[in-house]
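To be precise, the following lines are entry_8.cif, and they hold mmCIF, C-alpha atoms.
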data_target
#
loop_
_atom_site.group_PDB
_atom_site.id
_atom_site.type_symbol
_atom_site.label_atom_id
_atom_site.label_comp_id
_atom_site.auth_asym_id
_atom_site.auth_seq_id
_atom_site.Cartn_x
_atom_site.Cartn_y
_atom_site.Cartn_z
ATOM 1 C CA MET A 1 0.000 0.000 0.000
ATOM 2 C CA ASN A 2 1.238 3.433 -0.903
ATOM 3 C CA LEU A 3 1.568 5.715 2.110
ATOM 4 C CA SER A 4 3.229 8.645 0.436
ATOM 5 C CA ASP A 5 0.761 10.679 -1.616
ATOM 6 C CA SER A 6 -1.456 12.540 0.798
ATOM 7 C CA GLN A 7 -1.562 13.777 4.357
ATOM 8 C CA ALA A 8 -3.512 12.050 7.096
ATOM 9 C CA ILE A 9 -7.028 13.478 7.234
ATOM 10 C CA ALA A 10 -7.614 12.215 10.769
ATOM 11 C CA THR A 11 -6.006 10.354 13.642
ATOM 12 C CA ARG A 12 -7.500 8.531 16.598
ATOM 13 C CA GLU A 13 -6.237 6.590 19.563
ATOM 14 C CA PHE A 14 -7.703 3.459 21.172
ATOM 15 C CA GLY A 15 -6.600 1.732 24.349
ATOM 16 C CA PRO A 16 -4.444 1.095 26.250
ATOM 17 C CA ILE A 17 -5.866 -2.363 25.626
ATOM 18 C CA SER A 18 -6.572 -4.240 28.849
ATOM 19 C CA ARG A 19 -7.024 -7.978 29.255
ATOM 20 C CA THR A 20 -10.669 -7.200 29.944
ATOM 21 C CA ASP A 21 -10.912 -5.451 26.549
ATOM 22 C CA ILE A 22 -9.611 -8.629 24.903
ATOM 23 C CA VAL A 23 -12.073 -10.850 26.754
ATOM 24 C CA ARG A 24 -14.934 -8.460 26.018
ATOM 25 C CA TYR A 25 -14.139 -8.613 22.311
ATOM 26 C CA GLN A 26 -13.832 -12.396 22.336
ATOM 27 C CA GLY A 27 -17.196 -12.714 24.072
ATOM 28 C CA ALA A 28 -18.798 -10.289 21.641
ATOM 29 C CA SER A 29 -17.395 -11.985 18.546
ATOM 30 C CA GLY A 30 -17.592 -15.628 19.612
ATOM 31 C CA ASP A 31 -13.899 -16.205 18.817
ATOM 32 C CA PHE A 32 -12.625 -17.984 21.921
ATOM 33 C CA ASN A 33 -9.126 -18.831 20.701
ATOM 34 C CA PRO A 34 -7.365 -19.305 24.083
ATOM 35 C CA ILE A 35 -4.120 -17.759 22.793
ATOM 36 C CA HIS A 36 -5.723 -14.340 23.477
ATOM 37 C CA HIS A 37 -6.777 -14.898 27.109
ATOM 38 C CA ASP A 38 -5.188 -18.071 28.534
ATOM 39 C CA ILE A 39 -1.599 -17.244 29.451
ATOM 40 C CA GLU A 40 -0.625 -20.889 29.981
ATOM 41 C CA PHE A 41 -1.867 -21.753 26.510
ATOM 42 C CA ALA A 42 -0.036 -18.735 25.034
ATOM 43 C CA LYS A 43 3.208 -19.805 26.764
ATOM 44 C CA SER A 44 2.804 -23.377 25.519
ATOM 45 C CA ALA A 45 2.644 -21.915 21.999
ATOM 46 C CA GLY A 46 5.944 -20.073 22.586
ATOM 47 C CA PHE A 47 4.635 -16.592 23.446
ATOM 48 C CA GLU A 48 5.546 -14.631 26.563
ATOM 49 C CA ASP A 49 1.994 -13.479 27.146
ATOM 50 C CA VAL A 50 -1.410 -13.490 25.529
ATOM 51 C CA PHE A 51 -1.627 -11.177 22.539
ATOM 52 C CA VAL A 52 -4.456 -8.997 21.304
ATOM 53 C CA VAL A 53 -7.023 -10.509 18.910
ATOM 54 C CA GLY A 54 -6.291 -9.077 15.479
ATOM 55 C CA MET A 55 -9.981 -8.597 14.863
ATOM 56 C CA LEU A 56 -10.146 -6.188 17.822
ATOM 57 C CA ILE A 57 -7.640 -3.959 16.009
ATOM 58 C CA ALA A 58 -9.800 -4.435 12.890
ATOM 59 C CA GLY A 59 -12.825 -3.380 14.923
ATOM 60 C CA TYR A 60 -11.091 -0.201 16.086
ATOM 61 C CA LEU A 61 -10.038 0.731 12.553
ATOM 62 C CA ALA A 62 -13.551 -0.031 11.290
ATOM 63 C CA THR A 63 -15.040 2.223 13.967
ATOM 64 C CA PHE A 64 -12.586 4.958 12.998
ATOM 65 C CA ALA A 65 -13.524 4.601 9.303
ATOM 66 C CA SER A 66 -17.249 4.512 10.119
ATOM 67 C CA ASP A 67 -17.013 7.772 12.040
ATOM 68 C CA LEU A 68 -15.198 9.383 9.108
ATOM 69 C CA VAL A 69 -17.451 8.340 6.214
ATOM 70 C CA GLY A 70 -20.678 7.001 7.796
ATOM 71 C CA VAL A 71 -21.083 3.288 8.500
ATOM 72 C CA GLU A 72 -23.973 2.843 6.045
ATOM 73 C CA PHE A 73 -21.806 3.977 3.114
ATOM 74 C CA ILE A 74 -18.937 1.511 3.589
ATOM 75 C CA ASN A 75 -19.016 -1.224 0.940
ATOM 76 C CA LYS A 76 -15.657 -2.837 1.602
ATOM 77 C CA PHE A 77 -13.300 -3.175 4.533
ATOM 78 C CA LYS A 78 -10.026 -5.045 4.296
ATOM 79 C CA ILE A 79 -7.213 -5.461 6.809
ATOM 80 C CA ARG A 80 -3.772 -7.025 6.796
ATOM 81 C CA PHE A 81 -2.264 -7.826 10.178
ATOM 82 C CA GLN A 82 1.414 -6.870 10.380
ATOM 83 C CA ALA A 83 2.533 -7.452 13.956
ATOM 84 C CA GLN A 84 1.078 -8.657 17.192
ATOM 85 C CA THR A 85 -0.022 -6.183 19.836
ATOM 86 C CA TRP A 86 -0.020 -6.853 23.550
ATOM 87 C CA PRO A 87 -2.002 -6.038 26.685
ATOM 88 C CA GLY A 88 -1.215 -2.442 27.660
ATOM 89 C CA ASP A 89 -0.584 -1.306 24.083
ATOM 90 C CA LEU A 90 -2.056 1.881 22.695
ATOM 91 C CA ILE A 91 -3.409 1.700 19.159
ATOM 92 C CA ILE A 92 -2.771 4.890 17.220
ATOM 93 C CA CYS A 93 -4.752 5.069 13.994
ATOM 94 C CA SER A 94 -4.484 7.391 11.035
ATOM 95 C CA ALA A 95 -6.437 7.695 7.815
ATOM 96 C CA LYS A 96 -5.661 9.007 4.359
ATOM 97 C CA ILE A 97 -7.746 9.291 1.228
ATOM 98 C CA ILE A 98 -5.914 7.347 -1.468
ATOM 99 C CA SER A 99 -8.472 7.519 -4.260
ATOM 100 C CA THR A 100 -11.713 9.197 -5.236
ATOM 101 C CA GLN A 101 -13.820 8.192 -8.172
ATOM 102 C CA PRO A 102 -16.895 10.197 -9.216
ATOM 103 C CA GLN A 103 -19.850 7.897 -9.932
ATOM 104 C CA SER A 104 -21.903 8.000 -13.115
ATOM 105 C CA ASN A 105 -25.040 9.161 -11.263
ATOM 106 C CA GLY A 106 -23.274 12.465 -10.640
ATOM 107 C CA ASN A 107 -24.064 12.797 -6.942
ATOM 108 C CA GLN A 108 -21.815 10.183 -5.445
ATOM 109 C CA THR A 109 -18.113 9.552 -5.140
ATOM 110 C CA GLN A 110 -16.476 6.226 -4.393
ATOM 111 C CA VAL A 111 -13.706 6.973 -1.914
ATOM 112 C CA THR A 112 -10.936 4.696 -0.674
ATOM 113 C CA LEU A 113 -9.403 5.354 2.711
ATOM 114 C CA GLU A 114 -6.125 3.871 3.767
ATOM 115 C CA LEU A 115 -5.969 3.225 7.485
ATOM 116 C CA ILE A 116 -2.983 2.317 9.567
ATOM 117 C CA ALA A 117 -2.673 1.227 13.178
ATOM 118 C CA LYS A 118 0.574 1.523 15.114
ATOM 119 C CA ASN A 119 1.354 0.862 18.731
ATOM 120 C CA GLN A 120 2.861 3.446 21.114
ATOM 121 C CA SER A 121 6.385 2.487 19.976
ATOM 122 C CA GLY A 122 5.556 3.097 16.325
ATOM 123 C CA VAL A 123 5.386 -0.599 15.425
ATOM 124 C CA LEU A 124 2.981 -1.117 12.539
ATOM 125 C CA ALA A 125 0.209 -3.418 13.792
ATOM 126 C CA ALA A 126 -2.095 -3.411 10.779
ATOM 127 C CA THR A 127 -2.866 -1.719 7.490
ATOM 128 C CA ALA A 128 -6.420 -1.518 6.250
ATOM 129 C CA GLN A 129 -8.548 -0.114 3.492
ATOM 130 C CA ALA A 130 -12.141 1.089 3.655
ATOM 131 C CA ASP A 131 -14.137 1.822 0.500
ATOM 132 C CA ALA A 132 -17.301 3.895 0.685
ATOM 133 C CA GLN A 133 -19.721 5.565 -1.647
ATOM 134 C CA ILE A 134 -20.443 9.009 -0.265
ATOM 135 C CA SER A 135 -21.995 12.267 -1.407
ATOM 136 C CA LYS A 136 -19.754 14.257 -3.717
ATOM 137 C CA ASP A 137 -20.451 17.214 -1.400
ATOM 138 C CA SER A 138 -19.102 15.428 1.669
ATOM 139 C CA PRO A 139 -16.788 17.693 3.704
ATOM 140 C CA LEU A 140 -14.384 14.750 3.785
ATOM 141 C CA LEU A 141 -13.581 15.272 0.119
ATOM 142 C CA SER A 142 -12.601 18.897 0.575
ATOM 143 C CA ALA A 143 -10.265 17.787 3.379
ATOM 144 C CA LYS A 144 -8.068 15.975 0.882
ATOM 145 C CA MET B 145 -15.183 -28.325 -1.234
ATOM 146 C CA THR B 146 -16.331 -25.420 -3.392
ATOM 147 C CA GLN B 147 -18.677 -22.491 -3.328
ATOM 148 C CA ASP B 148 -21.518 -24.878 -4.229
ATOM 149 C CA ASN B 149 -20.421 -27.508 -1.763
ATOM 150 C CA PRO B 150 -19.533 -25.540 1.382
ATOM 151 C CA ALA B 151 -17.751 -26.958 4.406
ATOM 152 C CA TYR B 152 -20.240 -25.397 6.829
ATOM 153 C CA THR B 153 -23.625 -23.769 6.545
ATOM 154 C CA PHE B 154 -25.320 -21.770 9.259
ATOM 155 C CA SER B 155 -27.991 -19.176 9.816
ATOM 156 C CA MET B 156 -27.636 -16.096 11.958
ATOM 157 C CA GLN B 157 -29.842 -13.319 13.189
ATOM 158 C CA VAL B 158 -28.386 -9.858 13.606
ATOM 159 C CA ASP B 159 -29.738 -9.099 17.037
ATOM 160 C CA TYR B 160 -29.726 -5.815 18.893
ATOM 161 C CA GLY B 161 -28.029 -7.131 22.022
ATOM 162 C CA LYS B 162 -25.100 -8.479 20.014
ATOM 163 C CA TYR B 163 -24.923 -5.170 18.150
ATOM 164 C CA LEU B 164 -24.614 -3.269 21.445
ATOM 165 C CA GLU B 165 -22.101 -5.770 22.819
ATOM 166 C CA PHE B 166 -19.958 -5.636 19.683
ATOM 167 C CA ALA B 167 -20.155 -1.832 19.586
ATOM 168 C CA ALA B 168 -19.001 -1.617 23.218
ATOM 169 C CA ALA B 169 -16.085 -3.954 22.487
ATOM 170 C CA THR B 170 -14.839 -1.960 19.484
ATOM 171 C CA GLY B 171 -15.470 1.651 20.554
ATOM 172 C CA PHE B 172 -18.309 2.002 18.054
ATOM 173 C CA LYS B 173 -21.051 4.473 18.972
ATOM 174 C CA PRO B 174 -24.372 2.612 18.658
ATOM 175 C CA LYS B 175 -27.473 4.317 17.300
ATOM 176 C CA PRO B 176 -30.338 3.248 19.585
ATOM 177 C CA GLU B 177 -32.537 5.963 18.034
ATOM 178 C CA GLU B 178 -32.672 3.934 14.811
ATOM 179 C CA GLU B 179 -34.999 0.954 14.611
ATOM 180 C CA LYS B 180 -32.659 -1.067 12.410
ATOM 181 C CA PRO B 181 -29.199 0.456 12.678
ATOM 182 C CA VAL B 182 -26.435 -0.565 10.300
ATOM 183 C CA VAL B 183 -23.900 -2.780 12.058
ATOM 184 C CA PRO B 184 -20.165 -1.959 12.193
ATOM 185 C CA PRO B 185 -18.030 -3.132 9.230
ATOM 186 C CA THR B 186 -16.438 -6.074 11.055
ATOM 187 C CA PHE B 187 -19.645 -7.209 12.795
ATOM 188 C CA LEU B 188 -19.947 -10.295 10.586
ATOM 189 C CA ALA B 189 -17.031 -11.710 12.589
ATOM 190 C CA THR B 190 -19.818 -12.621 15.044
ATOM 191 C CA ALA B 191 -20.934 -15.341 12.623
ATOM 192 C CA GLU B 192 -18.533 -17.439 14.674
ATOM 193 C CA ALA B 193 -21.022 -17.359 17.548
ATOM 194 C CA TRP B 194 -23.623 -19.088 15.312
ATOM 195 C CA LEU B 195 -21.387 -22.047 14.549
ATOM 196 C CA PRO B 196 -20.964 -25.014 16.891
ATOM 197 C CA PRO B 197 -18.504 -24.170 19.715
ATOM 198 C CA ARG B 198 -14.824 -24.490 18.792
ATOM 199 C CA THR B 199 -15.529 -24.748 15.071
ATOM 200 C CA TRP B 200 -12.222 -24.036 13.380
ATOM 201 C CA PRO B 201 -12.186 -24.949 9.689
ATOM 202 C CA ALA B 202 -8.410 -24.620 9.174
ATOM 203 C CA GLY B 203 -7.787 -27.181 11.913
ATOM 204 C CA GLU B 204 -10.669 -29.510 11.147
ATOM 205 C CA ILE B 205 -10.242 -29.633 7.389
ATOM 206 C CA LEU B 206 -6.547 -28.888 6.800
ATOM 207 C CA GLY B 207 -5.032 -29.993 10.102
ATOM 208 C CA PHE B 208 -3.530 -26.565 10.896
ATOM 209 C CA ASP B 209 -2.011 -26.378 14.379
ATOM 210 C CA LEU B 210 -3.875 -23.668 16.318
ATOM 211 C CA LYS B 211 -0.738 -22.801 18.326
ATOM 212 C CA ARG B 212 1.198 -21.967 15.153
ATOM 213 C CA SER B 213 -1.612 -20.293 13.237
ATOM 214 C CA LEU B 214 -2.219 -16.594 12.727
ATOM 215 C CA HIS B 215 -4.933 -14.501 11.166
ATOM 216 C CA GLY B 216 -3.143 -12.866 8.225
ATOM 217 C CA GLU B 217 -5.823 -10.876 6.437
ATOM 218 C CA GLN B 218 -9.537 -10.256 6.600
ATOM 219 C CA GLU B 219 -11.887 -8.657 4.113
ATOM 220 C CA PHE B 220 -15.607 -7.844 4.106
ATOM 221 C CA ILE B 221 -17.521 -6.819 0.995
ATOM 222 C CA PHE B 222 -21.064 -5.463 1.356
ATOM 223 C CA HIS B 223 -23.578 -5.470 -1.479
ATOM 224 C CA LYS B 224 -25.982 -3.735 0.873
ATOM 225 C CA PRO B 225 -25.669 -2.563 4.488
ATOM 226 C CA ILE B 226 -26.241 -5.238 7.159
ATOM 227 C CA ARG B 227 -28.804 -4.084 9.706
ATOM 228 C CA VAL B 228 -30.077 -5.179 13.099
ATOM 229 C CA GLY B 229 -33.009 -7.524 12.478
ATOM 230 C CA ASP B 230 -31.520 -9.117 9.362
ATOM 231 C CA ARG B 231 -31.586 -12.897 9.111
ATOM 232 C CA LEU B 232 -28.681 -14.232 7.125
ATOM 233 C CA ALA B 233 -27.721 -17.607 5.721
ATOM 234 C CA GLY B 234 -23.979 -18.297 5.650
ATOM 235 C CA ARG B 235 -21.860 -20.724 3.658
ATOM 236 C CA ILE B 236 -18.186 -21.229 4.499
ATOM 237 C CA TRP B 237 -15.905 -22.664 1.856
ATOM 238 C CA LEU B 238 -12.201 -22.986 1.173
ATOM 239 C CA GLU B 239 -11.189 -20.730 -1.697
ATOM 240 C CA SER B 240 -7.525 -21.745 -1.896
ATOM 241 C CA THR B 241 -4.599 -23.157 -0.001
ATOM 242 C CA PHE B 242 -0.889 -22.845 -0.760
ATOM 243 C CA SER B 243 2.546 -23.036 0.875
ATOM 244 C CA LYS B 244 5.626 -20.841 1.035
ATOM 245 C CA THR B 245 9.012 -21.188 2.695
ATOM 246 C CA GLY B 246 9.121 -18.870 5.712
ATOM 247 C CA SER B 247 11.898 -16.353 6.392
ATOM 248 C CA ARG B 248 13.228 -18.553 9.213
ATOM 249 C CA GLY B 249 12.867 -21.729 7.181
ATOM 250 C CA GLY B 250 10.035 -24.151 7.585
ATOM 251 C CA GLU B 251 6.923 -24.406 5.503
ATOM 252 C CA MET B 252 4.241 -21.754 5.946
ATOM 253 C CA ARG B 253 0.795 -22.902 4.915
ATOM 254 C CA PHE B 254 -1.872 -20.424 3.816
ATOM 255 C CA SER B 255 -5.595 -20.959 3.511
ATOM 256 C CA ILE B 256 -8.256 -18.542 2.335
ATOM 257 C CA TRP B 257 -11.773 -19.117 3.680
ATOM 258 C CA VAL B 258 -14.782 -17.401 2.170
ATOM 259 C CA THR B 259 -18.138 -16.944 3.862
ATOM 260 C CA ASP B 260 -21.027 -15.944 1.615
ATOM 261 C CA PHE B 261 -23.974 -14.285 3.326
ATOM 262 C CA ASP B 262 -27.430 -14.272 1.750
ATOM 263 C CA ASP B 263 -30.592 -12.539 2.927
ATOM 264 C CA GLU B 264 -33.932 -14.295 3.421
ATOM 265 C CA SER B 265 -34.790 -13.867 -0.259
ATOM 266 C CA GLY B 266 -31.581 -15.643 -1.246
ATOM 267 C CA ASN B 267 -29.844 -12.496 -2.466
ATOM 268 C CA SER B 268 -26.139 -12.172 -1.781
ATOM 269 C CA VAL B 269 -25.608 -9.341 0.712
ATOM 270 C CA ALA B 270 -22.022 -9.744 1.887
ATOM 271 C CA GLN B 271 -18.885 -11.793 1.608
ATOM 272 C CA SER B 272 -16.129 -12.333 4.142
ATOM 273 C CA LYS B 273 -12.678 -13.554 3.204
ATOM 274 C CA MET B 274 -10.240 -14.747 5.882
ATOM 275 C CA THR B 275 -6.605 -15.706 5.407
ATOM 276 C CA ILE B 276 -5.213 -18.118 8.005
ATOM 277 C CA VAL B 277 -1.474 -18.781 8.053
ATOM 278 C CA GLU B 278 0.206 -21.684 9.794
ATOM 279 C CA THR B 279 3.820 -20.748 10.528
ATOM 280 C CA GLY B 280 6.697 -23.221 10.182
ATOM 281 C CA SER B 281 7.331 -25.661 13.022
ATOM 282 C CA GLU B 282 10.949 -24.401 13.514
ATOM 283 C CA LYS B 283 10.613 -21.647 16.086
#
As structure tokens, please, write out the structure in this file.
Amino acid sequence: MNLSDSQAIATREFGPISRTDIVRYQGASGDFNPIHHDIEFAKSAGFEDVFVVGMLIAGYLATFASDLVGVEFINKFKIRFQAQTWPGDLIICSAKIISTQPQSNGNQTQVTLELIAKNQSGVLAATAQADAQISKDSPLLSAK
Amino acid sequence: MTQDNPAYTFSMQVDYGKYLEFAAATGFKPKPEEEKPVVPPTFLATAEAWLPPRTWPAGEILGFDLKRSLHGEQEFIFHKPIRVGDRLAGRIWLESTFSKTGSRGGEMRFSIWVTDFDDESGNSVAQSKMTIVETGSEK
């Protein structure tokens, strides 16, 4: 993904992620992989501690994107996990507009946001993309 | 196993309680003023809760070791917004599987799992695509 062309239009911070946050997400999603809450299991798999469920980071980035463009307009969300994050980590998110495409109906623009999540040390945790079809008059588009 | 011959089928109801619970877990501001609010973009991850407990296709079908497996990528495509109150039918199938040699040696196995979601009229409303990676056994 190309990070160079435009400035971040917004940033947002989530966390620090507690063990309770991890368990709350696992309960909400139904993903009970023990590697995210059972420290003995995590150690038996060679990790020092439990690590954060990737889909919780995805959830944060999706919330961030939803607040920027409107949840009902998002037609695609894609994430690539880059590094594990750990209990106590902050998740620092930023968003850029990487493409805009006017639609043939004249009133709408298909916009692609690039989203990145880093921890407090600057380690890249995930890169994501959200596509949305929004009004061509959206203030977001003049922010580019 | 193909799109027409899925590994698992399930049905799910997008209920309001799960919407609130998922919103609280991901910092999403729910919209209780709306009768049928649109769910957050990664909400379909909750399909897992509608499968039998401990269902894990990569382990059951490909023999991936859970302790060495990671979630590499995840994608959701929406043909229309998913709303509270929707009833969805899901089909999970294996799109592809392949291997690579990892940077520290050892074989890394990849598998891409697709879930197709249809509405009650049988129209496709969303698709989820999950990449699961099993890292090499040399740690």
Give me the chain A side of the contact with chain B, cut-off 6 Å, one line per residue showing its nearest atom pair and distance in Å at one decimal, counting all atoms listed in the file, sorted by chain and residue number, as a tab-separated table.
residue	atom	partner	partner_atom	distance
A:Arg24	CA	B:Ala169	CA	5.8
A:Tyr25	CA	B:Ala169	CA	5.1
A:Ala28	CA	B:Phe166	CA	5.2
A:Ser29	CA	B:Thr190	CA	4.3
A:Gly30	CA	B:Ala193	CA	4.4
A:Ala45	CA	B:Lys211	CA	5.1
A:Gly59	CA	B:Thr170	CA	5.2
A:Tyr60	CA	B:Thr170	CA	5.4
A:Ala62	CA	B:Pro185	CA	5.8
A:Thr63	CA	B:Phe172	CA	5.2
A:Glu72	CA	B:Pro225	CA	5.9
A:Asn75	CA	B:Phe222	CA	4.7
A:Lys76	CA	B:Ile221	CA	4.4
A:Phe77	CA	B:Phe220	CA	5.2
A:Lys78	CA	B:Glu219	CA	4.1
A:Ile79	CA	B:Gln218	CA	5.3
A:Arg80	CA	B:Glu217	CA	4.4
A:Phe81	CA	B:Gly216	CA	5.5
Quick one: everything within 10 Å of range 89-98 of chain A, counting only C-alpha atoms, minus sequence neighbours fewer than 4 positions away in the same chain. Send it as a PDB file with C-alpha atoms, in the frame of the given file.
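Saved to result-v2.pdb:
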ATOM      1  CA  MET A   1       0.000   0.000   0.000  1.00  0.00           C
ATOM      2  CA  ASN A   2       1.238   3.433  -0.903  1.00  0.00           C
ATOM      3  CA  LEU A   3       1.568   5.715   2.110  1.00  0.00           C
ATOM      4  CA  SER A   4       3.229   8.645   0.436  1.00  0.00           C
ATOM      5  CA  ASP A   5       0.761  10.679  -1.616  1.00  0.00           C
ATOM      6  CA  SER A   6      -1.456  12.540   0.798  1.00  0.00           C
ATOM      7  CA  GLN A   7      -1.562  13.777   4.357  1.00  0.00           C
ATOM      8  CA  ALA A   8      -3.512  12.050   7.096  1.00  0.00           C
ATOM      9  CA  ILE A   9      -7.028  13.478   7.234  1.00  0.00           C
ATOM     10  CA  ALA A  10      -7.614  12.215  10.769  1.00  0.00           C
ATOM     11  CA  THR A  11      -6.006  10.354  13.642  1.00  0.00           C
ATOM     12  CA  ARG A  12      -7.500   8.531  16.598  1.00  0.00           C
ATOM     13  CA  GLU A  13      -6.237   6.590  19.563  1.00  0.00           C
ATOM     14  CA  PHE A  14      -7.703   3.459  21.172  1.00  0.00           C
ATOM     15  CA  GLY A  15      -6.600   1.732  24.349  1.00  0.00           C
ATOM     16  CA  PRO A  16      -4.444   1.095  26.250  1.00  0.00           C
ATOM     17  CA  ILE A  17      -5.866  -2.363  25.626  1.00  0.00           C
ATOM     18  CA  SER A  18      -6.572  -4.240  28.849  1.00  0.00           C
ATOM     19  CA  VAL A  52      -4.456  -8.997  21.304  1.00  0.00           C
ATOM     20  CA  ILE A  57      -7.640  -3.959  16.009  1.00  0.00           C
ATOM     21  CA  TYR A  60     -11.091  -0.201  16.086  1.00  0.00           C
ATOM     22  CA  LEU A  61     -10.038   0.731  12.553  1.00  0.00           C
ATOM     23  CA  PHE A  64     -12.586   4.958  12.998  1.00  0.00           C
ATOM     24  CA  ALA A  65     -13.524   4.601   9.303  1.00  0.00           C
ATOM     25  CA  LEU A  68     -15.198   9.383   9.108  1.00  0.00           C
ATOM     26  CA  THR A  85      -0.022  -6.183  19.836  1.00  0.00           C
ATOM     27  CA  VAL A 111     -13.706   6.973  -1.914  1.00  0.00           C
ATOM     28  CA  THR A 112     -10.936   4.696  -0.674  1.00  0.00           C
ATOM     29  CA  LEU A 113      -9.403   5.354   2.711  1.00  0.00           C
ATOM     30  CA  GLU A 114      -6.125   3.871   3.767  1.00  0.00           C
ATOM     31  CA  LEU A 115      -5.969   3.225   7.485  1.00  0.00           C
ATOM     32  CA  ILE A 116      -2.983   2.317   9.567  1.00  0.00           C
ATOM     33  CA  ALA A 117      -2.673   1.227  13.178  1.00  0.00           C
ATOM     34  CA  LYS A 118       0.574   1.523  15.114  1.00  0.00           C
ATOM     35  CA  ASN A 119       1.354   0.862  18.731  1.00  0.00           C
ATOM     36  CA  GLN A 120       2.861   3.446  21.114  1.00  0.00           C
ATOM     37  CA  SER A 121       6.385   2.487  19.976  1.00  0.00           C
ATOM     38  CA  GLY A 122       5.556   3.097  16.325  1.00  0.00           C
ATOM     39  CA  VAL A 123       5.386  -0.599  15.425  1.00  0.00           C
ATOM     40  CA  LEU A 124       2.981  -1.117  12.539  1.00  0.00           C
ATOM     41  CA  ALA A 125       0.209  -3.418  13.792  1.00  0.00           C
ATOM     42  CA  ALA A 126      -2.095  -3.411  10.779  1.00  0.00           C
ATOM     43  CA  THR A 127      -2.866  -1.719   7.490  1.00  0.00           C
ATOM     44  CA  ALA A 128      -6.420  -1.518   6.250  1.00  0.00           C
ATOM     45  CA  GLN A 129      -8.548  -0.114   3.492  1.00  0.00           C
ATOM     46  CA  ALA A 130     -12.141   1.089   3.655  1.00  0.00           C
ATOM     47  CA  ASP A 131     -14.137   1.822   0.500  1.00  0.00           C
ATOM     48  CA  LEU A 140     -14.384  14.750   3.785  1.00  0.00           C
ATOM     49  CA  LEU A 141     -13.581  15.272   0.119  1.00  0.00           C
ATOM     50  CA  ALA A 143     -10.265  17.787   3.379  1.00  0.00           C
ATOM     51  CA  LYS A 144      -8.068  15.975   0.882  1.00  0.00           C
TER      52      LYS A 144
END
Taking only C-alpha atoms into account, which of A:Ile22, A:Leu56, A:Ile134, A:Ile35 comes nearest Gly70 in chain A?
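The answer is A:Ile134, which sits nearest to Gly70 in chain A.
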When the PyMOL selection byres ((chain B and resi 278) around 12) is applied to the structure above, which residues does it catch, written out as a count of residues only?
33
Just so the selection is clear, what residues does the PyMOL selection byres ((chain A and resi 37) around 9) cover here, as a PDB file with C-alpha atoms, in the coordinates of the input?
ATOM      1  CA  ARG A  19      -7.024  -7.978  29.255  1.00  0.00           C
ATOM      2  CA  ILE A  22      -9.611  -8.629  24.903  1.00  0.00           C
ATOM      3  CA  VAL A  23     -12.073 -10.850  26.754  1.00  0.00           C
ATOM      4  CA  GLN A  26     -13.832 -12.396  22.336  1.00  0.00           C
ATOM      5  CA  PHE A  32     -12.625 -17.984  21.921  1.00  0.00           C
ATOM      6  CA  ASN A  33      -9.126 -18.831  20.701  1.00  0.00           C
ATOM      7  CA  PRO A  34      -7.365 -19.305  24.083  1.00  0.00           C
ATOM      8  CA  ILE A  35      -4.120 -17.759  22.793  1.00  0.00           C
ATOM      9  CA  HIS A  36      -5.723 -14.340  23.477  1.00  0.00           C
ATOM     10  CA  ASP A  38      -5.188 -18.071  28.534  1.00  0.00           C
ATOM     11  CA  ILE A  39      -1.599 -17.244  29.451  1.00  0.00           C
ATOM     12  CA  PHE A  41      -1.867 -21.753  26.510  1.00  0.00           C
ATOM     13  CA  ALA A  42      -0.036 -18.735  25.034  1.00  0.00           C
ATOM     14  CA  ASP A  49       1.994 -13.479  27.146  1.00  0.00           C
ATOM     15  CA  VAL A  50      -1.410 -13.490  25.529  1.00  0.00           C
ATOM     16  CA  PHE A  51      -1.627 -11.177  22.539  1.00  0.00           C
ATOM     17  CA  VAL A  52      -4.456  -8.997  21.304  1.00  0.00           C
TER      18      VAL A  52
END
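Separating CA of Asn267 in chain B from CA of Trp237 in chain B is a distance of 17.8 Å.
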Just how far from CA of Phe261 in chain B is CA of Thr146 in chain B, in Å to one decimal?
15.1 Å
Grab all the atoms of range 197-215 of chain B that the file lists, wrap them in a box along x, y and z, add 4 Å per side, and give me centre plus edge lengths in Å (one decimal) as JSON.
{"center_x": -8.7, "center_y": -22.2, "center_z": 13.3, "size_x": 27.7, "size_y": 23.5, "size_z": 20.9}
Would you work out the distance separating CA of Ser99 in chain A from CA of Trp257 in chain B, expressed in Å to one decimal?
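Going from CA of Ser99 in chain A over to CA of Trp257 in chain B, I get 28.0 Å.
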Residue members of the PyMOL selection byres ((chain B and resi 264) around 8) in the file shown, as a ChimeraX atom specification
/B:231-233,262-263,265-267
Counting all atoms listed in the file, select every polymer residue within 12 Å of (-19.6, -25.2, -1.6) as defined in the file's coordinates, and provide the selection as a PyMOL selection string.
chain B and resi 145-153+234-239+257-260
